[in-house]
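Asker: My structure is stored as coords_8.pdb, with PDB, C-alpha atoms, pLDDT in the B column.
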ATOM      1  CA  MET G   1      74.614-162.186 140.659  1.00 57.00           C
ATOM      2  CA  LYS G   2      74.936-165.593 138.993  1.00 63.00           C
ATOM      3  CA  ASN G   3      78.656-164.955 138.331  1.00 60.00           C
ATOM      4  CA  LEU G   4      79.182-163.928 141.951  1.00 59.00           C
ATOM      5  CA  PHE G   5      77.765-167.228 143.211  1.00 63.00           C
ATOM      6  CA  TYR G   6      79.772-169.117 140.570  1.00 60.00           C
ATOM      7  CA  ALA G   7      83.001-167.575 141.884  1.00 58.00           C
ATOM      8  CA  ALA G   8      82.107-167.774 145.590  1.00 61.00           C
ATOM      9  CA  ARG G   9      80.991-171.416 145.645  1.00 68.00           C
ATOM     10  CA  PRO G  10      84.433-173.053 145.234  1.00 65.00           C
ATOM     11  CA  ILE G  11      86.039-170.629 147.700  1.00 64.00           C
ATOM     12  CA  LEU G  12      83.465-171.473 150.358  1.00 69.00           C
ATOM     13  CA  THR G  13      83.780-175.181 149.565  1.00 71.00           C
ATOM     14  CA  ASP G  14      87.575-175.042 149.956  1.00 69.00           C
ATOM     15  CA  MET G  15      87.297-173.111 153.251  1.00 70.00           C
ATOM     16  CA  LEU G  16      84.414-175.096 154.744  1.00 77.00           C
ATOM     17  CA  SER G  17      86.472-177.388 156.986  1.00 77.00           C
ATOM     18  CA  THR G  18      88.490-174.410 158.279  1.00 71.00           C
ATOM     19  CA  ILE G  19      85.292-172.480 158.980  1.00 74.00           C
ATOM     20  CA  LEU G  20      83.817-175.499 160.772  1.00 82.00           C
ATOM     21  CA  PHE G  21      86.974-175.960 162.880  1.00 76.00           C
ATOM     22  CA  ALA G  22      87.097-172.270 163.890  1.00 71.00           C
ATOM     23  CA  ALA G  23      83.389-172.117 164.676  1.00 79.00           C
ATOM     24  CA  LEU G  24      83.339-175.310 166.761  1.00 84.00           C
ATOM     25  CA  PHE G  25      86.547-174.438 168.585  1.00 76.00           C
ATOM     26  CA  ALA G  26      85.280-170.918 169.356  1.00 74.00           C
ATOM     27  CA  LEU G  27      81.924-172.232 170.583  1.00 83.00           C
ATOM     28  CA  THR G  28      83.100-175.263 172.554  1.00 85.00           C
ATOM     29  CA  SER G  29      86.871-174.823 173.193  1.00 78.00           C
ATOM     30  CA  ASN G  30      86.979-178.569 172.499  1.00 84.00           C
ATOM     31  CA  ILE G  31      90.053-179.318 170.371  1.00 76.00           C
ATOM     32  CA  TYR G  32      89.019-182.900 169.726  1.00 83.00           C
ATOM     33  CA  LEU G  33      85.465-182.115 168.607  1.00 88.00           C
ATOM     34  CA  ALA G  34      86.517-179.243 166.330  1.00 83.00           C
ATOM     35  CA  THR G  35      89.411-181.169 164.781  1.00 81.00           C
ATOM     36  CA  GLY G  36      87.456-184.402 164.341  1.00 86.00           C
ATOM     37  CA  ALA G  37      84.537-182.614 162.685  1.00 90.00           C
ATOM     38  CA  ALA G  38      86.857-180.678 160.341  1.00 84.00           C
ATOM     39  CA  MET G  39      88.678-183.900 159.397  1.00 84.00           C
ATOM     40  CA  ALA G  40      85.401-185.723 158.729  1.00 90.00           C
ATOM     41  CA  LEU G  41      84.126-182.853 156.596  1.00 89.00           C
ATOM     42  CA  GLY G  42      87.367-182.655 154.559  1.00 84.00           C
ATOM     43  CA  ILE G  43      87.365-186.401 153.911  1.00 88.00           C
ATOM     44  CA  GLY G  44      83.656-186.296 153.079  1.00 90.00           C
ATOM     45  CA  GLN G  45      84.131-183.468 150.555  1.00 86.00           C
ATOM     46  CA  VAL G  46      86.831-185.346 148.633  1.00 86.00           C
ATOM     47  CA  GLY G  47      84.890-188.603 148.887  1.00 89.00           C
ATOM     48  CA  LEU G  48      81.802-186.933 147.433  1.00 88.00           C
ATOM     49  CA  GLU G  49      83.774-185.589 144.464  1.00 83.00           C
ATOM     50  CA  LYS G  50      85.204-189.048 143.866  1.00 88.00           C
ATOM     51  CA  LEU G  51      81.732-190.633 144.026  1.00 91.00           C
ATOM     52  CA  ARG G  52      80.520-188.093 141.466  1.00 91.00           C
ATOM     53  CA  ARG G  53      83.511-189.089 139.302  1.00 89.00           C
ATOM     54  CA  LYS G  54      84.664-185.468 139.199  1.00 85.00           C
ATOM     55  CA  PRO G  55      88.324-184.474 139.389  1.00 81.00           C
ATOM     56  CA  VAL G  56      89.375-183.215 142.797  1.00 78.00           C
ATOM     57  CA  PRO G  57      91.138-179.833 142.403  1.00 73.00           C
ATOM     58  CA  GLY G  58      94.628-179.345 143.837  1.00 71.00           C
ATOM     59  CA  MET G  59      93.435-176.878 146.470  1.00 69.00           C
ATOM     60  CA  GLN G  60      90.916-179.450 147.725  1.00 73.00           C
ATOM     61  CA  TRP G  61      93.639-182.128 147.967  1.00 76.00           C
ATOM     62  CA  ALA G  62      95.886-179.659 149.822  1.00 73.00           C
ATOM     63  CA  SER G  63      93.046-178.842 152.201  1.00 72.00           C
ATOM     64  CA  LEU G  64      92.371-182.537 152.838  1.00 74.00           C
ATOM     65  CA  GLY G  65      96.065-183.219 153.433  1.00 77.00           C
ATOM     66  CA  LEU G  66      96.326-180.368 155.892  1.00 73.00           C
ATOM     67  CA  VAL G  67      93.151-181.335 157.701  1.00 72.00           C
ATOM     68  CA  THR G  68      94.087-185.007 158.062  1.00 76.00           C
ATOM     69  CA  VAL G  69      97.819-184.696 158.797  1.00 78.00           C
ATOM     70  CA  LEU G  70      97.644-181.648 161.036  1.00 73.00           C
ATOM     71  CA  GLY G  71      94.317-182.734 162.476  1.00 74.00           C
ATOM     72  CA  GLY G  72      95.764-186.132 163.328  1.00 78.00           C
ATOM     73  CA  ALA G  73      98.744-184.463 165.003  1.00 78.00           C
ATOM     74  CA  THR G  74      96.356-182.262 166.965  1.00 75.00           C
ATOM     75  CA  LEU G  75      94.353-185.247 168.146  1.00 78.00           C
ATOM     76  CA  PHE G  76      97.571-187.074 169.072  1.00 81.00           C
ATOM     77  CA  THR G  77      99.194-184.229 171.021  1.00 79.00           C
ATOM     78  CA  GLY G  78      96.174-182.312 172.336  1.00 73.00           C
ATOM     79  CA  ASP G  79      98.573-179.392 172.791  1.00 69.00           C
ATOM     80  CA  PRO G  80      96.753-176.034 172.653  1.00 66.00           C
ATOM     81  CA  ARG G  81      99.854-174.193 171.337  1.00 73.00           C
ATOM     82  CA  PHE G  82     100.168-176.717 168.513  1.00 70.00           C
ATOM     83  CA  VAL G  83      96.516-176.173 167.653  1.00 70.00           C
ATOM     84  CA  MET G  84      97.038-172.426 167.691  1.00 79.00           C
ATOM     85  CA  ILE G  85     100.145-172.622 165.473  1.00 82.00           C
ATOM     86  CA  LYS G  86      98.581-175.158 163.080  1.00 77.00           C
ATOM     87  CA  PRO G  87      96.782-172.514 160.946  1.00 82.00           C
ATOM     88  CA  THR G  88     100.151-170.890 160.245  1.00 90.00           C
ATOM     89  CA  ILE G  89     101.325-174.115 158.607  1.00 84.00           C
ATOM     90  CA  ALA G  90      98.052-174.368 156.701  1.00 80.00           C
ATOM     91  CA  TYR G  91      98.200-170.774 155.439  1.00 89.00           C
ATOM     92  CA  LEU G  92     101.849-171.121 154.416  1.00 91.00           C
ATOM     93  CA  THR G  93     100.995-174.284 152.468  1.00 85.00           C
ATOM     94  CA  ILE G  94      97.978-172.717 150.786  1.00 86.00           C
ATOM     95  CA  GLY G  95      99.921-169.515 150.057  1.00 91.00           C
ATOM     96  CA  GLY G  96     102.625-171.610 148.421  1.00 90.00           C
ATOM     97  CA  ALA G  97     100.045-173.463 146.325  1.00 85.00           C
ATOM     98  CA  MET G  98      98.599-170.120 145.246  1.00 89.00           C
ATOM     99  CA  LEU G  99     101.944-169.125 143.750  1.00 91.00           C
ATOM    100  CA  GLN G 100     101.144-171.550 140.920  1.00 89.00           C
ATOM    101  CA  ARG G 101     100.098-169.721 137.752  1.00 89.00           C
ATOM    102  CA  GLY G 102      96.532-170.268 136.614  1.00 86.00           C
ATOM    103  CA  TRP G 103      95.161-171.654 139.875  1.00 86.00           C
ATOM    104  CA  MET G 104      92.405-169.014 139.840  1.00 87.00           C
ATOM    105  CA  ASN G 105      90.902-170.219 136.552  1.00 84.00           C
ATOM    106  CA  ARG G 106      88.721-172.675 138.482  1.00 80.00           C
ATOM    107  CA  TYR G 107      87.090-169.798 140.335  1.00 79.00           C
ATOM    108  CA  MET G 108      86.316-167.637 137.310  1.00 81.00           C
ATOM    109  CA  PRO G 109      83.059-167.723 135.386  1.00 79.00           C
ATOM    110  CA  PRO G 110      83.736-169.053 131.865  1.00 79.00           C
ATOM    111  CA  ALA G 111      82.410-165.890 130.179  1.00 77.00           C
ATOM    112  CA  SER G 112      84.917-163.671 132.005  1.00 80.00           C
ATOM    113  CA  ARG G 113      87.988-165.644 130.904  1.00 79.00           C
ATOM    114  CA  ASP G 114      87.745-164.250 127.368  1.00 85.00           C
ATOM    115  CA  TYR G 115      87.878-160.666 128.600  1.00 90.00           C
ATOM    116  CA  LEU G 116      90.598-160.760 131.254  1.00 91.00           C
ATOM    117  CA  PRO G 117      94.307-160.906 130.419  1.00 90.00           C
ATOM    118  CA  ALA G 118      96.047-163.987 131.825  1.00 89.00           C
ATOM    119  CA  ARG G 119      98.721-161.836 133.490  1.00 93.00           C
ATOM    120  CA  LEU G 120      96.010-159.946 135.402  1.00 93.00           C
ATOM    121  CA  VAL G 121      94.467-163.204 136.602  1.00 92.00           C
ATOM    122  CA  ASP G 122      97.911-164.471 137.646  1.00 93.00           C
ATOM    123  CA  ALA G 123      98.598-161.193 139.493  1.00 95.00           C
ATOM    124  CA  GLY G 124      95.301-161.608 141.331  1.00 94.00           C
ATOM    125  CA  GLY G 125      96.441-165.079 142.362  1.00 94.00           C
ATOM    126  CA  TYR G 126      99.672-163.652 143.761  1.00 96.00           C
ATOM    127  CA  VAL G 127      97.680-161.108 145.803  1.00 96.00           C
ATOM    128  CA  TRP G 128      95.699-164.003 147.290  1.00 95.00           C
ATOM    129  CA  SER G 129      98.963-165.780 148.063  1.00 96.00           C
ATOM    130  CA  GLY G 130     100.217-162.657 149.830  1.00 97.00           C
ATOM    131  CA  LEU G 131      97.078-162.580 151.969  1.00 97.00           C
ATOM    132  CA  MET G 132      97.687-166.208 152.986  1.00 95.00           C
ATOM    133  CA  PHE G 133     101.298-165.419 153.966  1.00 97.00           C
ATOM    134  CA  LEU G 134     100.167-162.345 155.941  1.00 97.00           C
ATOM    135  CA  THR G 135      97.523-164.397 157.756  1.00 97.00           C
ATOM    136  CA  ALA G 136     100.147-167.067 158.550  1.00 96.00           C
ATOM    137  CA  ALA G 137     102.510-164.482 160.031  1.00 97.00           C
ATOM    138  CA  LEU G 138      99.788-162.798 162.105  1.00 97.00           C
ATOM    139  CA  ASN G 139      98.522-166.147 163.373  1.00 95.00           C
ATOM    140  CA  LEU G 140     102.014-167.199 164.481  1.00 95.00           C
ATOM    141  CA  LEU G 141     102.592-163.879 166.224  1.00 96.00           C
ATOM    142  CA  ILE G 142      99.267-164.041 168.078  1.00 95.00           C
ATOM    143  CA  ALA G 143      99.598-167.761 168.914  1.00 90.00           C
ATOM    144  CA  LEU G 144     103.033-167.274 170.477  1.00 90.00           C
ATOM    145  CA  THR G 145     102.501-163.971 172.279  1.00 92.00           C
ATOM    146  CA  MET G 146      98.828-163.641 173.221  1.00 91.00           C
ATOM    147  CA  SER G 147      96.131-165.463 175.149  1.00 85.00           C
ATOM    148  CA  HIS G 148      93.955-168.330 173.954  1.00 78.00           C
ATOM    149  CA  LYS G 149      90.908-166.013 173.921  1.00 80.00           C
ATOM    150  CA  THR G 150      92.701-163.449 171.746  1.00 89.00           C
ATOM    151  CA  TRP G 151      93.734-166.188 169.332  1.00 86.00           C
ATOM    152  CA  VAL G 152      90.172-167.571 169.123  1.00 80.00           C
ATOM    153  CA  ALA G 153      88.880-164.052 168.378  1.00 85.00           C
ATOM    154  CA  PHE G 154      91.548-163.567 165.709  1.00 91.00           C
ATOM    155  CA  ILE G 155      91.102-166.949 164.004  1.00 83.00           C
ATOM    156  CA  GLY G 156      87.338-166.612 164.146  1.00 78.00           C
ATOM    157  CA  VAL G 157      87.284-163.180 162.496  1.00 87.00           C
ATOM    158  CA  PHE G 158      90.379-162.103 160.562  1.00 93.00           C
ATOM    159  CA  PRO G 159      90.934-165.009 158.138  1.00 89.00           C
ATOM    160  CA  LEU G 160      87.329-165.130 156.979  1.00 84.00           C
ATOM    161  CA  ALA G 161      86.786-161.346 157.017  1.00 91.00           C
ATOM    162  CA  SER G 162      90.015-160.676 155.099  1.00 95.00           C
ATOM    163  CA  LYS G 163      89.174-163.324 152.494  1.00 90.00           C
ATOM    164  CA  LEU G 164      85.634-162.012 152.055  1.00 89.00           C
ATOM    165  CA  GLY G 165      86.974-158.450 151.779  1.00 94.00           C
ATOM    166  CA  LEU G 166      89.598-159.399 149.207  1.00 94.00           C
ATOM    167  CA  PHE G 167      87.040-161.487 147.345  1.00 90.00           C
ATOM    168  CA  ALA G 168      84.681-158.488 147.131  1.00 91.00           C
ATOM    169  CA  ILE G 169      87.438-156.178 145.866  1.00 94.00           C
ATOM    170  CA  HIS G 170      88.775-158.808 143.494  1.00 89.00           C
ATOM    171  CA  TYR G 171      85.340-159.676 142.121  1.00 88.00           C
ATOM    172  CA  ALA G 172      84.345-156.027 141.605  1.00 91.00           C
ATOM    173  CA  ALA G 173      87.644-155.122 139.909  1.00 93.00           C
ATOM    174  CA  PHE G 174      87.692-158.161 137.616  1.00 91.00           C
ATOM    175  CA  ARG G 175      84.019-157.702 136.748  1.00 89.00           C
ATOM    176  CA  PHE G 176      84.600-154.031 135.885  1.00 93.00           C
ATOM    177  CA  ILE G 177      87.619-154.870 133.695  1.00 93.00           C
ATOM    178  CA  ALA G 178      85.863-157.793 131.977  1.00 91.00           C
ATOM    179  CA  LEU G 179      82.763-155.700 131.203  1.00 90.00           C
ATOM    180  CA  ARG G 180      84.886-152.812 129.919  1.00 93.00           C
ATOM    181  CA  ASN G 181      86.885-155.150 127.689  1.00 91.00           C
ATOM    182  CA  ALA G 182      83.696-156.852 126.438  1.00 89.00           C
ATOM    183  CA  ARG G 183      82.171-153.461 125.526  1.00 91.00           C
ATOM    184  CA  THR G 184      85.359-152.385 123.769  1.00 88.00           C
ATOM    185  CA  GLN G 185      85.484-155.627 121.807  1.00 85.00           C
ATOM    186  CA  ALA G 186      81.775-155.351 120.880  1.00 84.00           C
ATOM    187  CA  ALA G 187      82.293-151.767 119.667  1.00 82.00           C
ATOM    188  CA  MET G 188      85.203-152.836 117.472  1.00 79.00           C
ATOM    189  CA  ILE G 189      83.165-155.497 115.614  1.00 71.00           C
ATOM    190  CA  PRO G 190      80.875-153.014 113.753  1.00 65.00           C
ATOM    191  CA  GLU G 191      83.898-150.873 112.863  1.00 60.00           C
ATOM    192  CA  ALA G 192      85.689-153.927 111.437  1.00 56.00           C
ATOM    193  CA  GLN G 193      82.586-154.924 109.452  1.00 61.00           C
ATOM    194  CA  ALA G 194      82.224-151.387 108.024  1.00 57.00           C
ATOM    195  CA  ALA G 195      85.826-151.373 106.812  1.00 56.00           C
TER
END
Transcribe the structure of this file into structure tokens.

Answerer:
Amino acid sequence: MKNLFYAARPILTDMLSTILFAALFALTSNIYLATGAAMALGIGQVGLEKLRRKPVPGMQWASLGLVTVLGGATLFTGDPRFVMIKPTIAYLTIGGAMLQRGWMNRYMPPASRDYLPARLVDAGGYVWSGLMFLTAALNLLIALTMSHKTWVAFIGVFPLASKLGLFAIHYAAFRFIALRNARTQAAMIPEAQAA
């Protein structure tokens, strides 16, 4: 359970401003309140890391950039279609960032890194990138062709549910592989010592 929380914490931290925006917008339909709160949270998260003198990961910088630039544009225009299309830009940007090899290392418990091949971890990162691109495409389709209420339902459910679902599958598969590889390696040590 400790490893699950270790892996989930940075994902939730990175998604927190998006979750806040979606929740506030769904509850209040107030573009300005939802955007302003998400911007304040994103700036606060990076500021807190800086105050702690910790390095701010690339995904956190990307999130802050998206929140402030796109949030500022939202506040300036107040255009509901722009707000609805904005997540597409965010998911495309995040999906592109996830194409970088090794980005998932931050999310993995240190003990598991010794038992998972780097190419498997990279492949998992590409699957996450694919999910971001799929979410971007679905958001654009819904934003341009469906009602505001349909979009709010979609943005309030699908992105978070799909990420939690993929996280559960990803975590279970990587945990199974890491434990299997650890057992295999442990079994080989006595054989090597006997020889």

Asker: Find the distance between CA of Ile155 in chain G and CA of Ala172 in chain G and write it in Å to one decimal.

Answerer: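 A separation of 25.8 Å between them.
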
Asker: Selection in question (the file shown): the PyMOL selection byres ((chain G and resi 96-105) around 6). Which residues does it include, as a ChimeraX atom specification?

Answerer: /G:93-95,106-108,122,126,129

Asker: I'd like the interatomic distance between CA of Ile43 in chain G and CA of Gly65 in chain G, to a tenth of an Å.

Answerer: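 Those two atoms sit 9.3 Å apart.
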
Asker: So which residues get picked by the PyMOL selection byres ((chain G and resi 133) around 10) here, written as a list in words?

Answerer: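 Residues picked by the PyMOL selection byres ((chain G and resi 133) around 10): Thr88, Ile89, Ala90, Tyr91, Leu92, Thr93, Ile94, Gly95, Gly96, Val127, Trp128, Ser129, Gly130, Leu131, Met132, Leu134, Thr135, Ala136, Ala137, Leu138 and Asn139 of chain G.
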
Asker: Evaluated on this file, the PyMOL selection byres ((chain G and resi 81) around 12) picks out some residues - which ones are they, written as a ChimeraX atom specification?

Answerer: /G:31,74,77-80,82-88,139-148,151-152

Asker: Considering all atoms listed in the file, state which residue in the set G:Met39, G:Tyr115, G:Ala123, G:Ala26 is at the smallest distance from Ala186 in chain G.

Answerer: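 When distances to Ala186 in chain G are compared using all atoms listed in the file, the smallest one comes from G:Tyr115.
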
Asker: Show which residues sit within 10 Å of Gln60 in chain G, as a ChimeraX atom specification. Count only C-alpha atoms, and ignore same-chain residues fewer than 4 positions away.

Answerer: /G:10,13-15,42-43,45-46,49,56,64-66

Asker: Using all atoms listed in the file, which of G:Pro159, G:Leu51, G:Lys149, G:Asp114 sits nearest Gln185 in chain G?

Answerer: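 Using all atoms listed in the file, the shortest distance to Gln185 in chain G belongs to G:Asp114.
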
Asker: Kindly give the distance, in Å, that separates CA of Leu160 in chain G and CA of Phe25 in chain G, rounded to a single decimal.

Answerer: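 Between these atoms lies a distance of 14.9 Å.
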